[in-house]
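Coordinates as given in structure04.txt (compact mmCIF, C-alpha atoms and all ligand atoms):
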# COMPACT_ATOMS: atom_id res chain seq x y z
CA MET Q 131 50.40 5.65 16.82
CA PRO Q 132 52.52 3.56 14.46
CA ASP Q 133 51.66 4.85 10.99
CA GLY Q 134 49.59 7.85 12.03
CA PHE Q 135 46.45 6.12 10.71
CA TYR Q 136 44.16 8.04 13.06
CA GLU Q 137 45.40 11.35 11.61
CA THR Q 138 44.59 10.42 7.99
CA SER Q 139 41.63 11.68 5.98
CA ARG Q 140 40.65 8.05 5.36
CA ALA Q 141 40.40 7.36 9.10
CA LEU Q 142 38.42 10.55 9.63
CA SER Q 143 35.91 9.65 6.94
CA GLU Q 144 35.60 6.02 8.17
CA TYR Q 145 35.08 7.10 11.78
CA LEU Q 146 32.57 9.84 10.93
CA LEU Q 147 30.56 7.20 9.09
CA PHE Q 148 31.07 4.64 11.90
CA HIS Q 149 29.87 7.12 14.53
CA TYR Q 150 27.23 9.18 12.69
CA GLY Q 151 26.34 7.21 9.53
CA LYS Q 152 22.71 6.35 8.86
CA PRO Q 153 21.87 2.68 8.33
CA ASP Q 154 21.37 3.09 4.55
CA GLU Q 155 24.68 4.96 4.26
CA MET Q 156 26.55 2.24 6.15
CA LEU Q 157 24.87 -0.66 4.33
CA PRO Q 158 23.46 0.17 0.88
CA TRP Q 159 22.09 -3.38 0.66
CA ASP Q 160 18.88 -5.09 1.70
CA PHE Q 161 21.05 -7.62 3.57
CA GLY Q 162 24.03 -7.33 5.91
CA GLN Q 163 25.09 -7.09 9.52
CA THR Q 164 22.43 -4.66 10.74
CA SER Q 165 22.83 -5.79 14.36
CA ALA Q 166 26.40 -4.44 14.23
CA LEU Q 167 25.35 -0.86 13.37
CA ASP Q 168 25.45 2.09 15.80
CA TYR Q 169 28.21 0.64 17.95
CA PRO Q 170 29.23 3.94 19.63
CA VAL Q 171 25.58 4.43 20.61
CA ARG Q 172 25.18 0.84 21.86
CA CYS Q 173 28.34 1.04 23.98
CA VAL Q 174 26.49 3.62 26.07
CA LYS Q 175 22.90 2.40 25.72
CA GLU Q 176 23.60 -1.27 26.42
CA CYS Q 177 26.61 -1.14 28.71
CA VAL Q 178 26.17 1.87 30.99
CA ASP Q 179 23.89 1.17 33.94
CA THR Q 180 21.86 4.39 33.86
CA GLY Q 181 20.05 3.38 37.07
CA ARG Q 182 23.31 3.86 38.98
CA ILE Q 183 23.99 7.36 37.65
CA ARG Q 184 23.42 10.24 40.07
CA ASP Q 185 22.01 13.62 38.97
CA ASP Q 186 25.22 15.58 38.54
CA ALA Q 187 27.31 12.73 37.18
CA ARG Q 188 30.62 13.20 35.34
CA ALA Q 189 31.78 10.91 32.55
CA LEU Q 190 35.03 10.33 30.69
CA ASP Q 191 35.30 8.78 27.21
CA LEU Q 192 38.89 7.65 26.67
CA GLY Q 193 39.87 7.18 23.03
CA CYS Q 194 36.69 8.99 21.99
CA ALA Q 195 37.65 9.43 18.29
CA VAL Q 196 35.05 11.73 16.68
CA GLY Q 197 32.91 11.69 19.77
CA ARG Q 198 29.61 9.89 19.23
CA SER Q 199 29.72 7.95 22.54
CA THR Q 200 30.82 11.13 24.31
CA PHE Q 201 27.68 12.91 23.08
CA GLU Q 202 25.52 9.87 23.96
CA LEU Q 203 26.84 10.04 27.54
CA ALA Q 204 25.38 13.58 27.71
CA ARG Q 205 21.91 12.00 27.80
CA HIS Q 206 22.75 10.76 31.31
CA CYS Q 207 25.60 12.88 32.72
CA THR Q 208 26.02 16.62 33.14
CA GLU Q 209 29.73 16.90 32.36
CA ILE Q 210 31.49 14.67 29.86
CA ILE Q 211 35.09 14.84 28.72
CA GLY Q 212 36.24 13.05 25.57
CA ILE Q 213 39.97 12.48 25.22
CA ASP Q 214 41.80 11.18 22.16
CA LEU Q 215 45.38 11.26 20.94
CA SER Q 216 44.40 12.17 17.37
CA GLU Q 217 44.52 15.90 16.66
CA SER Q 218 42.34 15.42 13.60
CA PHE Q 219 39.64 13.51 15.52
CA ILE Q 220 39.59 16.03 18.37
CA HIS Q 221 39.44 18.97 15.95
CA THR Q 222 36.45 17.29 14.24
CA ALA Q 223 34.75 16.40 17.53
CA ASN Q 224 35.10 20.04 18.60
CA GLN Q 225 33.48 21.20 15.33
CA LEU Q 226 30.55 18.86 16.02
CA GLN Q 227 30.33 20.15 19.59
CA LYS Q 228 30.18 23.74 18.30
CA ASP Q 229 27.91 23.33 15.25
CA GLY Q 230 26.02 20.08 15.90
CA GLN Q 231 26.74 18.92 12.35
CA LEU Q 232 29.52 18.53 9.84
CA PRO Q 233 29.51 17.75 6.10
CA TYR Q 234 31.91 14.99 5.03
CA GLN Q 235 32.40 12.34 2.36
CA PHE Q 236 32.64 8.59 2.74
CA ALA Q 237 34.16 6.11 0.31
CA VAL Q 238 32.08 4.36 -2.33
CA GLU Q 239 34.71 2.92 -4.67
CA GLY Q 240 38.27 4.04 -5.40
CA GLU Q 241 38.25 7.82 -5.52
CA LEU Q 242 34.47 8.04 -5.66
CA GLY Q 243 32.81 9.29 -2.52
CA GLN Q 244 29.33 10.06 -1.27
CA ALA Q 245 28.42 13.31 0.46
CA ALA Q 246 26.92 13.02 3.94
CA VAL Q 247 26.34 15.10 7.03
CA ALA Q 248 27.39 13.93 10.49
CA GLU Q 249 24.81 15.15 13.00
CA VAL Q 250 24.69 15.13 16.78
CA PRO Q 251 21.13 13.95 17.50
CA ASP Q 252 18.55 16.49 18.65
CA GLY Q 253 17.94 16.24 22.36
CA ILE Q 254 21.61 15.97 23.28
CA ASP Q 255 22.87 18.99 25.23
CA ARG Q 256 26.20 19.64 23.52
CA THR Q 257 27.22 22.19 26.15
CA ARG Q 258 27.73 19.31 28.58
CA VAL Q 259 30.51 17.88 26.39
CA ARG Q 260 34.11 18.94 25.84
CA PHE Q 261 36.93 17.31 23.99
CA GLU Q 262 40.65 17.46 24.53
CA GLN Q 263 43.67 15.92 22.90
CA GLY Q 264 45.57 13.70 25.29
CA ASP Q 265 47.29 10.39 25.81
CA ALA Q 266 45.16 7.83 27.64
CA THR Q 267 48.32 6.29 29.07
CA PHE Q 268 49.61 9.55 30.54
CA LEU Q 269 46.48 11.46 31.53
CA ARG Q 270 46.95 15.00 32.73
CA ASP Q 271 46.56 15.92 36.39
CA GLY Q 272 43.35 17.58 37.53
CA LEU Q 273 40.78 15.54 35.59
CA GLY Q 274 39.05 14.68 38.87
CA LEU Q 275 36.81 11.68 39.60
CA PHE Q 276 34.19 10.27 37.21
CA ASP Q 277 30.97 8.33 37.73
CA VAL Q 278 31.33 6.70 34.30
CA VAL Q 279 34.50 5.92 32.38
CA LEU Q 280 34.16 4.41 28.91
CA MET Q 281 37.02 2.87 26.96
CA ALA Q 282 35.70 1.54 23.66
CA ASN Q 283 38.12 -0.19 21.32
CA LEU Q 284 41.07 1.60 22.85
CA LEU Q 285 43.06 -1.00 24.79
CA ASP Q 286 44.43 -2.91 21.81
CA ARG Q 287 45.58 0.33 20.17
CA LEU Q 288 47.83 1.36 23.07
CA PRO Q 289 51.56 0.62 23.33
CA CYS Q 290 51.13 -0.17 27.02
CA PRO Q 291 47.50 -0.94 27.91
CA ALA Q 292 48.35 -2.04 31.48
CA LYS Q 293 49.74 1.42 32.18
CA CYS Q 294 46.46 2.98 31.07
CA LEU Q 295 44.48 0.57 33.29
CA GLU Q 296 46.63 1.38 36.31
CA GLN Q 297 45.33 4.97 36.30
CA LEU Q 298 41.67 3.92 36.54
CA PRO Q 299 41.34 3.47 40.32
CA GLY Q 300 42.32 7.13 40.62
CA LEU Q 301 39.74 8.22 38.02
CA VAL Q 302 36.57 6.28 38.87
CA ALA Q 303 34.58 7.40 41.93
CA THR Q 304 33.47 4.80 44.50
CA ASP Q 305 30.42 2.92 43.07
CA GLY Q 306 31.19 4.49 39.69
CA GLN Q 307 31.27 2.35 36.58
CA LEU Q 308 34.00 1.51 34.13
CA VAL Q 309 32.96 0.15 30.73
CA ILE Q 310 35.68 -1.48 28.66
CA ALA Q 311 34.96 -2.81 25.19
CA THR Q 312 37.65 -4.41 23.10
CA PRO Q 313 37.79 -6.70 20.08
CA CYS Q 314 41.13 -7.99 21.45
CA THR Q 315 42.83 -7.38 18.09
CA TRP Q 316 46.36 -7.47 19.41
CA LEU Q 317 48.84 -6.30 16.77
CA GLU Q 318 52.53 -5.60 17.14
CA GLU Q 319 52.10 -2.42 15.02
CA TYR Q 320 50.28 -0.93 18.01
CA THR Q 321 51.32 -2.94 21.07
CA PRO Q 322 54.66 -4.72 21.60
CA LYS Q 323 53.86 -8.40 22.18
CA ALA Q 324 55.29 -8.25 25.70
CA ASN Q 325 52.48 -5.79 26.55
CA TRP Q 326 49.53 -7.69 25.04
CA LEU Q 327 46.87 -8.47 27.64
CA GLY Q 328 45.94 -11.77 26.02
CA GLY Q 329 46.71 -14.15 23.20
CA SER Q 330 50.51 -14.17 23.42
CA GLU Q 331 52.44 -17.41 23.95
CA ALA Q 332 54.11 -15.83 26.97
CA LEU Q 333 50.70 -15.58 28.66
CA GLY Q 334 49.86 -19.25 28.00
CA GLN Q 335 46.12 -19.67 27.59
CA ALA Q 336 45.30 -16.31 29.20
CA ARG Q 337 42.78 -14.21 27.33
CA THR Q 338 42.32 -10.47 27.63
CA LEU Q 339 39.51 -10.78 30.18
CA ASP Q 340 41.72 -12.91 32.46
CA THR Q 341 44.38 -10.20 32.52
CA LEU Q 342 41.79 -7.44 32.94
CA ARG Q 343 40.46 -9.29 35.98
CA GLU Q 344 43.95 -9.61 37.41
CA ILE Q 345 44.77 -5.92 36.95
CA LEU Q 346 41.37 -4.51 37.99
CA ALA Q 347 40.38 -7.00 40.74
CA PRO Q 348 41.75 -5.16 43.76
CA ASP Q 349 39.76 -2.01 42.94
CA PHE Q 350 36.80 -3.11 40.80
CA THR Q 351 34.23 -5.88 40.70
CA LEU Q 352 33.03 -7.31 37.38
CA ASP Q 353 29.34 -6.46 37.07
CA ALA Q 354 28.32 -7.49 33.54
CA GLU Q 355 29.68 -8.80 30.25
CA TRP Q 356 28.47 -8.68 26.62
CA ASP Q 357 29.57 -9.63 23.13
CA LEU Q 358 28.99 -6.53 21.00
CA PRO Q 359 29.25 -6.77 17.22
CA PHE Q 360 30.37 -3.74 15.26
CA LEU Q 361 30.84 -2.86 11.63
CA ILE Q 362 33.37 -0.50 10.09
CA ARG Q 363 32.79 0.29 6.42
CA GLU Q 364 35.92 0.72 4.26
CA HIS Q 365 33.94 1.20 1.03
CA ALA Q 366 30.61 0.09 -0.40
CA ARG Q 367 31.80 -3.48 -0.89
CA LYS Q 368 34.27 -3.93 1.98
CA TYR Q 369 33.60 -4.02 5.72
CA GLN Q 370 35.30 -5.05 8.93
CA TRP Q 371 32.87 -7.05 11.08
CA SER Q 372 34.16 -7.58 14.63
CA VAL Q 373 32.81 -8.66 18.00
CA ALA Q 374 33.97 -6.64 20.97
CA GLN Q 375 34.06 -8.11 24.43
CA ALA Q 376 32.40 -5.52 26.63
CA THR Q 377 32.58 -5.54 30.41
CA ARG Q 378 31.24 -3.25 33.12
CA TRP Q 379 33.20 -2.92 36.35
CA ILE Q 380 32.09 -1.18 39.54
CA ARG Q 381 34.62 0.74 41.60
CA LEU Q 382 34.95 -0.63 45.13
CA ALA Q 383 35.47 1.68 48.09
CA PRO Q 384 39.19 2.26 48.62
CA THR Q 385 40.57 0.30 51.58
CA GLY Q 386 42.86 1.72 54.24
C1 LIG D 1 39.84 1.82 17.28
S1 LIG D 1 39.60 3.54 17.60
C2 LIG D 1 38.17 3.52 18.68
C3 LIG D 1 37.51 4.85 18.80
C4 LIG D 1 36.17 4.91 19.52
N1 LIG D 1 36.26 4.71 20.95
C5 LIG D 1 35.22 3.94 18.91
O1 LIG D 1 34.83 2.96 19.57
O2 LIG D 1 34.85 4.15 17.75
C6 LIG D 1 40.93 3.86 18.71
C7 LIG D 1 41.01 5.31 19.14
O3 LIG D 1 42.00 5.43 20.13
C8 LIG D 1 42.74 6.61 19.87
N2 LIG D 1 44.05 6.44 20.52
C9 LIG D 1 45.10 5.67 20.15
N3 LIG D 1 46.08 5.77 21.04
C10 LIG D 1 45.66 6.61 22.01
C11 LIG D 1 46.24 7.11 23.22
N4 LIG D 1 47.47 6.76 23.61
N5 LIG D 1 45.51 7.96 23.97
C12 LIG D 1 44.25 8.34 23.59
N6 LIG D 1 43.67 7.89 22.46
C13 LIG D 1 44.36 7.04 21.68
C14 LIG D 1 42.80 6.71 18.37
O4 LIG D 1 43.12 8.01 17.94
C15 LIG D 1 41.38 6.27 18.03
O5 LIG D 1 40.51 7.35 18.05

Rewrite the structure of this file - the entire thing - as structure tokens.
Ligand SMILES: C[S@@+](CC[C@H](N)C(=O)[O-])C[C@H]1O[C@@H](n2cnc3c(N)ncnc32)[C@H](O)[C@@H]1O
Amino acid sequence: MPDGFYETSRALSEYLLFHYGKPDEMLPWDFGQTSALDYPVRCVKECVDTGRIRDDARALDLGCAVGRSTFELARHCTEIIGIDLSESFIHTANQLQKDGQLPYQFAVEGELGQAAVAEVPDGIDRTRVRFEQGDATFLRDGLGLFDVVLMANLLDRLPCPAKCLEQLPGLVATDGQLVIATPCTWLEEYTPKANWLGGSEALGQARTLDTLREILAPDFTLDAEWDLPFLIREHARKYQWSVAQATRWIRLAPTG
């Protein structure tokens, strides 16, 4: 990653709050974007079709960060692997897997912070979950097939998102589901313009979803689409409000 942002203590604190923060910790106001809270939970709750999941289902959370969606997938699947490139995030996710909670601080103003505890909700079987450091573009051999693959806010942080997508037919089981959510924030710091999936002059009017369709169409059918707001708190008076485009794709039976 360009400037190592996802290894910094600031990123760790922001993502612990984003994934595990309580509503009054995220928004200490009686107004604000409450519908954008709990994004890592909503990516699973709203986008995964639980009716399609078989009893002994396996799930993969690519770009899992500090793991909230990975744990949420354990409500529906018996084995879940979370993979992220950040050593710091995976170390933290592993601590949460082991202990179920972790004290941390989030920013209030300047150097002032507020103490908080990140907690995996009761009722989630943490033994179903494991985390490993890895590159979503060059996944290791032997991961096997998954009934659910989630990629939340990952694509536009990869140097070559198409290369990551090309691995998916080999990872998603027939009739399995692939959930991709992305705010389509294409930035040259993360992705050379030639590799953007949408929004570059070279692609004309093509948007990210058009390119996703083109890449995934031979192996997946588009099943559902949502606009999912999310909120990342930088400090008490500064937030990033974004709207991810979320899509669910169903793996077709391989031909030939
Ligand atoms: C914008 S964050 C999204 C995290 C999480 N899915 C969420 O929705 O909160 C992007 C994540 O992708 C991870 N990441 C960046 N490049 C990666 C790569 N090549 N392979 C795996 N993870 C990567 C970062 O470390 C970070 O955790």

### Message
Which residues are close to Val238 (chain Q), i.e. within 8 Å by all atoms listed in the file, leaving aside same-chain residues fewer than 3 positions away? Reply as a PyMOL selection string.
### Response
chain Q and resi 241-244+365-367

### Message
Between CA of Thr351 (chain Q) and CA of Lys175 (chain Q), what is the distance in Å, rounded to a tenth?
### Response
20.5 Å

### Query
Which protein, DNA or RNA residues have an atom within 6 Å of ligand LIG 1 (chain D), counting only C-alpha atoms and all ligand atoms, as JSON, numbers by chain?
{"Q": [136, 170, 193, 194, 195, 214, 215, 216, 264, 265, 266, 267, 282, 283, 284, 287, 288]}

### Query
Which residues come within 8 Å of Asp286 (chain Q), counting only C-alpha atoms, excluding same-chain residues fewer than 4 positions away, as a ChimeraX atom specification?
/Q:291,312-317,320-321,326

#### Entry: Residues within 8 Å of Ala292 (chain Q), only C-alpha atoms, excluding chain neighbours under 5 positions, as a PyMOL selection string
chain Q and resi 325+327+345

#### Entry: Length of the CA of Pro299 (chain Q) to CA of Ala189 (chain Q) vector [Å]
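Taking CA of Pro299 (chain Q) as the start and CA of Ala189 (chain Q) as the end point, the length is 14.4 Å.
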
### Task
Excluding region 246-259 of chain Q and any residue of its chain fewer than 2 positions from it, enumerate the residues within 10 Å of it, using only C-alpha atoms, and give them as a PyMOL selection string.
chain Q and resi 146-147+149-152+155+188-190+197-198+200-212+223-224+226-236+243-244+261

### Task
Check the smallest atom-to-atom distance from each of Q:Gln370, Q:Thr222, Q:Thr304, Q:Gln297 to Arg260 (chain Q) using only C-alpha atoms, then report the winner.
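Closest to Arg260 (chain Q) of all the choices is Q:Thr222.
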
### Query
From the set Q:Ser143, Q:Phe268, Q:Ala324, Q:Gln163, which residue has the shortest atom-to-atom contact distance to Ser372 (chain Q), counting only C-alpha atoms?
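Result for the nearest residue to Ser372 (chain Q): Q:Gln163.
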
### Message
Taking 4 positions as the minimum chain separation for residues in the same chain, which residues sit within 9 Å of Trp371 (chain Q) when counting all atoms listed in the file? Answer as JSON, numbers by chain.
### Response
{"Q": [163, 166, 359, 360, 361, 362, 363]}

### Nearest to Tyr369 (chain Q), chosen from Q:Leu157, Q:Val171, Q:Ala354, Q:Leu273, with all atoms listed in the file counted in the distances
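Selected residue with least distance to Tyr369 (chain Q): Q:Leu157.
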
### Counting all atoms listed in the file, the residue of Q:Asp305, Q:Glu344, Q:Glu262, Q:Glu318 that sits nearest Pro289 (chain Q)
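Selected residue with least distance to Pro289 (chain Q): Q:Glu318.
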
### Summary
note - CA of Ala374 (chain Q) and CA of Leu358 (chain Q) are separated by 5.0 Å

Put the listed atoms of region 328-338 of chain Q in a box along x, y and z with 3 Å added on every side and give me the centre and edge lengths in Å to one decimal, as lines of an AutoDock Vina configuration file.
center_x = 48.2
center_y = -15.1
center_z = 26.2
size_x = 17.8
size_y = 15.2
size_z = 12.0

### Query
For Val309 (chain Q), which of Q:Thr341, Q:Gln335, Q:Ser165, Q:Ser199 is the closest residue, counting only C-alpha atoms?
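Selected residue with least distance to Val309 (chain Q): Q:Ser199.
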
### Query
Q:Asp349, Q:Thr138, Q:Met156, Q:Val302: which is nearest Pro384 (chain Q), counting all atoms listed in the file?
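So, comparing all the options, the nearest one is Q:Asp349.
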
Would you mind putting all heavy atoms back on region 166-177 of chain Q and writing the result as a PDB file, keeping the file's coordinate frame?
ATOM      1  N   ALA Q 166      25.084  -4.986  13.864  1.00  0.00           N
ATOM      2  CA  ALA Q 166      26.400  -4.440  14.230  1.00  0.00           C
ATOM      3  C   ALA Q 166      26.465  -2.924  14.021  1.00  0.00           C
ATOM      4  O   ALA Q 166      27.515  -2.315  14.231  1.00  0.00           O
ATOM      5  CB  ALA Q 166      27.483  -5.127  13.395  1.00  0.00           C
ATOM      6  N   LEU Q 167      25.351  -2.317  13.595  1.00  0.00           N
ATOM      7  CA  LEU Q 167      25.350  -0.860  13.370  1.00  0.00           C
ATOM      8  C   LEU Q 167      25.280  -0.103  14.701  1.00  0.00           C
ATOM      9  O   LEU Q 167      24.918  -0.681  15.730  1.00  0.00           O
ATOM     10  CB  LEU Q 167      24.154  -0.473  12.497  1.00  0.00           C
ATOM     11  CG  LEU Q 167      24.135  -1.073  11.078  1.00  0.00           C
ATOM     12  CD1 LEU Q 167      22.838  -0.700  10.358  1.00  0.00           C
ATOM     13  CD2 LEU Q 167      25.347  -0.611  10.273  1.00  0.00           C
ATOM     14  N   ASP Q 168      25.613   1.183  14.657  1.00  0.00           N
ATOM     15  CA  ASP Q 168      25.450   2.090  15.800  1.00  0.00           C
ATOM     16  C   ASP Q 168      26.236   1.676  17.042  1.00  0.00           C
ATOM     17  O   ASP Q 168      25.789   1.880  18.179  1.00  0.00           O
ATOM     18  CB  ASP Q 168      23.954   2.209  16.194  1.00  0.00           C
ATOM     19  CG  ASP Q 168      23.170   2.981  15.149  1.00  0.00           C
ATOM     20  OD1 ASP Q 168      23.760   3.891  14.539  1.00  0.00           O
ATOM     21  OD2 ASP Q 168      21.996   2.663  14.939  1.00  0.00           O
ATOM     22  N   TYR Q 169      27.406   1.115  16.815  1.00  0.00           N
ATOM     23  CA  TYR Q 169      28.210   0.640  17.950  1.00  0.00           C
ATOM     24  C   TYR Q 169      28.492   1.720  19.002  1.00  0.00           C
ATOM     25  O   TYR Q 169      28.306   1.481  20.205  1.00  0.00           O
ATOM     26  CB  TYR Q 169      29.502   0.029  17.407  1.00  0.00           C
ATOM     27  CG  TYR Q 169      30.486  -0.446  18.430  1.00  0.00           C
ATOM     28  CD1 TYR Q 169      30.249  -1.610  19.161  1.00  0.00           C
ATOM     29  CD2 TYR Q 169      31.670   0.253  18.663  1.00  0.00           C
ATOM     30  CE1 TYR Q 169      31.176  -2.061  20.093  1.00  0.00           C
ATOM     31  CE2 TYR Q 169      32.589  -0.195  19.588  1.00  0.00           C
ATOM     32  CZ  TYR Q 169      32.340  -1.351  20.300  1.00  0.00           C
ATOM     33  OH  TYR Q 169      33.253  -1.790  21.220  1.00  0.00           O
ATOM     34  N   PRO Q 170      28.924   2.932  18.591  1.00  0.00           N
ATOM     35  CA  PRO Q 170      29.230   3.940  19.630  1.00  0.00           C
ATOM     36  C   PRO Q 170      27.993   4.315  20.459  1.00  0.00           C
ATOM     37  O   PRO Q 170      28.116   4.731  21.605  1.00  0.00           O
ATOM     38  CB  PRO Q 170      29.741   5.145  18.824  1.00  0.00           C
ATOM     39  CG  PRO Q 170      30.163   4.580  17.507  1.00  0.00           C
ATOM     40  CD  PRO Q 170      29.227   3.438  17.235  1.00  0.00           C
ATOM     41  N   VAL Q 171      26.813   4.178  19.864  1.00  0.00           N
ATOM     42  CA  VAL Q 171      25.580   4.430  20.610  1.00  0.00           C
ATOM     43  C   VAL Q 171      25.312   3.245  21.549  1.00  0.00           C
ATOM     44  O   VAL Q 171      24.996   3.427  22.735  1.00  0.00           O
ATOM     45  CB  VAL Q 171      24.377   4.616  19.644  1.00  0.00           C
ATOM     46  CG1 VAL Q 171      23.088   4.840  20.427  1.00  0.00           C
ATOM     47  CG2 VAL Q 171      24.647   5.763  18.692  1.00  0.00           C
ATOM     48  N   ARG Q 172      25.480   2.033  21.040  1.00  0.00           N
ATOM     49  CA  ARG Q 172      25.180   0.840  21.860  1.00  0.00           C
ATOM     50  C   ARG Q 172      26.133   0.686  23.028  1.00  0.00           C
ATOM     51  O   ARG Q 172      25.756   0.150  24.080  1.00  0.00           O
ATOM     52  CB  ARG Q 172      25.187  -0.412  20.973  1.00  0.00           C
ATOM     53  CG  ARG Q 172      23.947  -0.490  20.068  1.00  0.00           C
ATOM     54  CD  ARG Q 172      23.890  -1.803  19.304  1.00  0.00           C
ATOM     55  NE  ARG Q 172      24.904  -1.871  18.287  1.00  0.00           N
ATOM     56  CZ  ARG Q 172      25.889  -2.775  18.244  1.00  0.00           C
ATOM     57  NH1 ARG Q 172      25.984  -3.721  19.155  1.00  0.00           N
ATOM     58  NH2 ARG Q 172      26.765  -2.758  17.275  1.00  0.00           N
ATOM     59  N   CYS Q 173      27.391   1.137  22.855  1.00  0.00           N
ATOM     60  CA  CYS Q 173      28.340   1.040  23.980  1.00  0.00           C
ATOM     61  C   CYS Q 173      27.792   1.771  25.197  1.00  0.00           C
ATOM     62  O   CYS Q 173      28.010   1.360  26.337  1.00  0.00           O
ATOM     63  CB  CYS Q 173      29.697   1.638  23.600  1.00  0.00           C
ATOM     64  SG  CYS Q 173      30.679   0.553  22.583  1.00  0.00           S
ATOM     65  N   VAL Q 174      27.068   2.862  24.955  1.00  0.00           N
ATOM     66  CA  VAL Q 174      26.490   3.620  26.070  1.00  0.00           C
ATOM     67  C   VAL Q 174      25.134   3.026  26.451  1.00  0.00           C
ATOM     68  O   VAL Q 174      24.875   2.704  27.617  1.00  0.00           O
ATOM     69  CB  VAL Q 174      26.338   5.118  25.676  1.00  0.00           C
ATOM     70  CG1 VAL Q 174      25.598   5.897  26.751  1.00  0.00           C
ATOM     71  CG2 VAL Q 174      27.720   5.722  25.426  1.00  0.00           C
ATOM     72  N   LYS Q 175      24.275   2.835  25.460  1.00  0.00           N
ATOM     73  CA  LYS Q 175      22.900   2.400  25.720  1.00  0.00           C
ATOM     74  C   LYS Q 175      22.838   1.023  26.389  1.00  0.00           C
ATOM     75  O   LYS Q 175      22.063   0.796  27.308  1.00  0.00           O
ATOM     76  CB  LYS Q 175      22.166   2.343  24.380  1.00  0.00           C
ATOM     77  CG  LYS Q 175      20.695   2.559  24.455  1.00  0.00           C
ATOM     78  CD  LYS Q 175      20.175   2.674  23.034  1.00  0.00           C
ATOM     79  CE  LYS Q 175      18.692   2.833  23.046  1.00  0.00           C
ATOM     80  NZ  LYS Q 175      18.158   3.058  21.715  1.00  0.00           N
ATOM     81  N   GLU Q 176      23.683   0.101  25.916  1.00  0.00           N
ATOM     82  CA  GLU Q 176      23.600  -1.270  26.420  1.00  0.00           C
ATOM     83  C   GLU Q 176      24.526  -1.525  27.601  1.00  0.00           C
ATOM     84  O   GLU Q 176      24.249  -2.408  28.409  1.00  0.00           O
ATOM     85  CB  GLU Q 176      23.922  -2.271  25.293  1.00  0.00           C
ATOM     86  CG  GLU Q 176      22.891  -2.205  24.178  1.00  0.00           C
ATOM     87  CD  GLU Q 176      23.201  -3.140  23.001  1.00  0.00           C
ATOM     88  OE1 GLU Q 176      23.912  -4.138  23.199  1.00  0.00           O
ATOM     89  OE2 GLU Q 176      22.722  -2.841  21.897  1.00  0.00           O
ATOM     90  N   CYS Q 177      25.598  -0.773  27.711  1.00  0.00           N
ATOM     91  CA  CYS Q 177      26.610  -1.140  28.710  1.00  0.00           C
ATOM     92  C   CYS Q 177      26.642  -0.238  29.944  1.00  0.00           C
ATOM     93  O   CYS Q 177      27.119  -0.648  30.993  1.00  0.00           O
ATOM     94  CB  CYS Q 177      27.997  -1.172  28.085  1.00  0.00           C
ATOM     95  SG  CYS Q 177      28.085  -2.307  26.702  1.00  0.00           S
TER      96      CYS Q 177
END
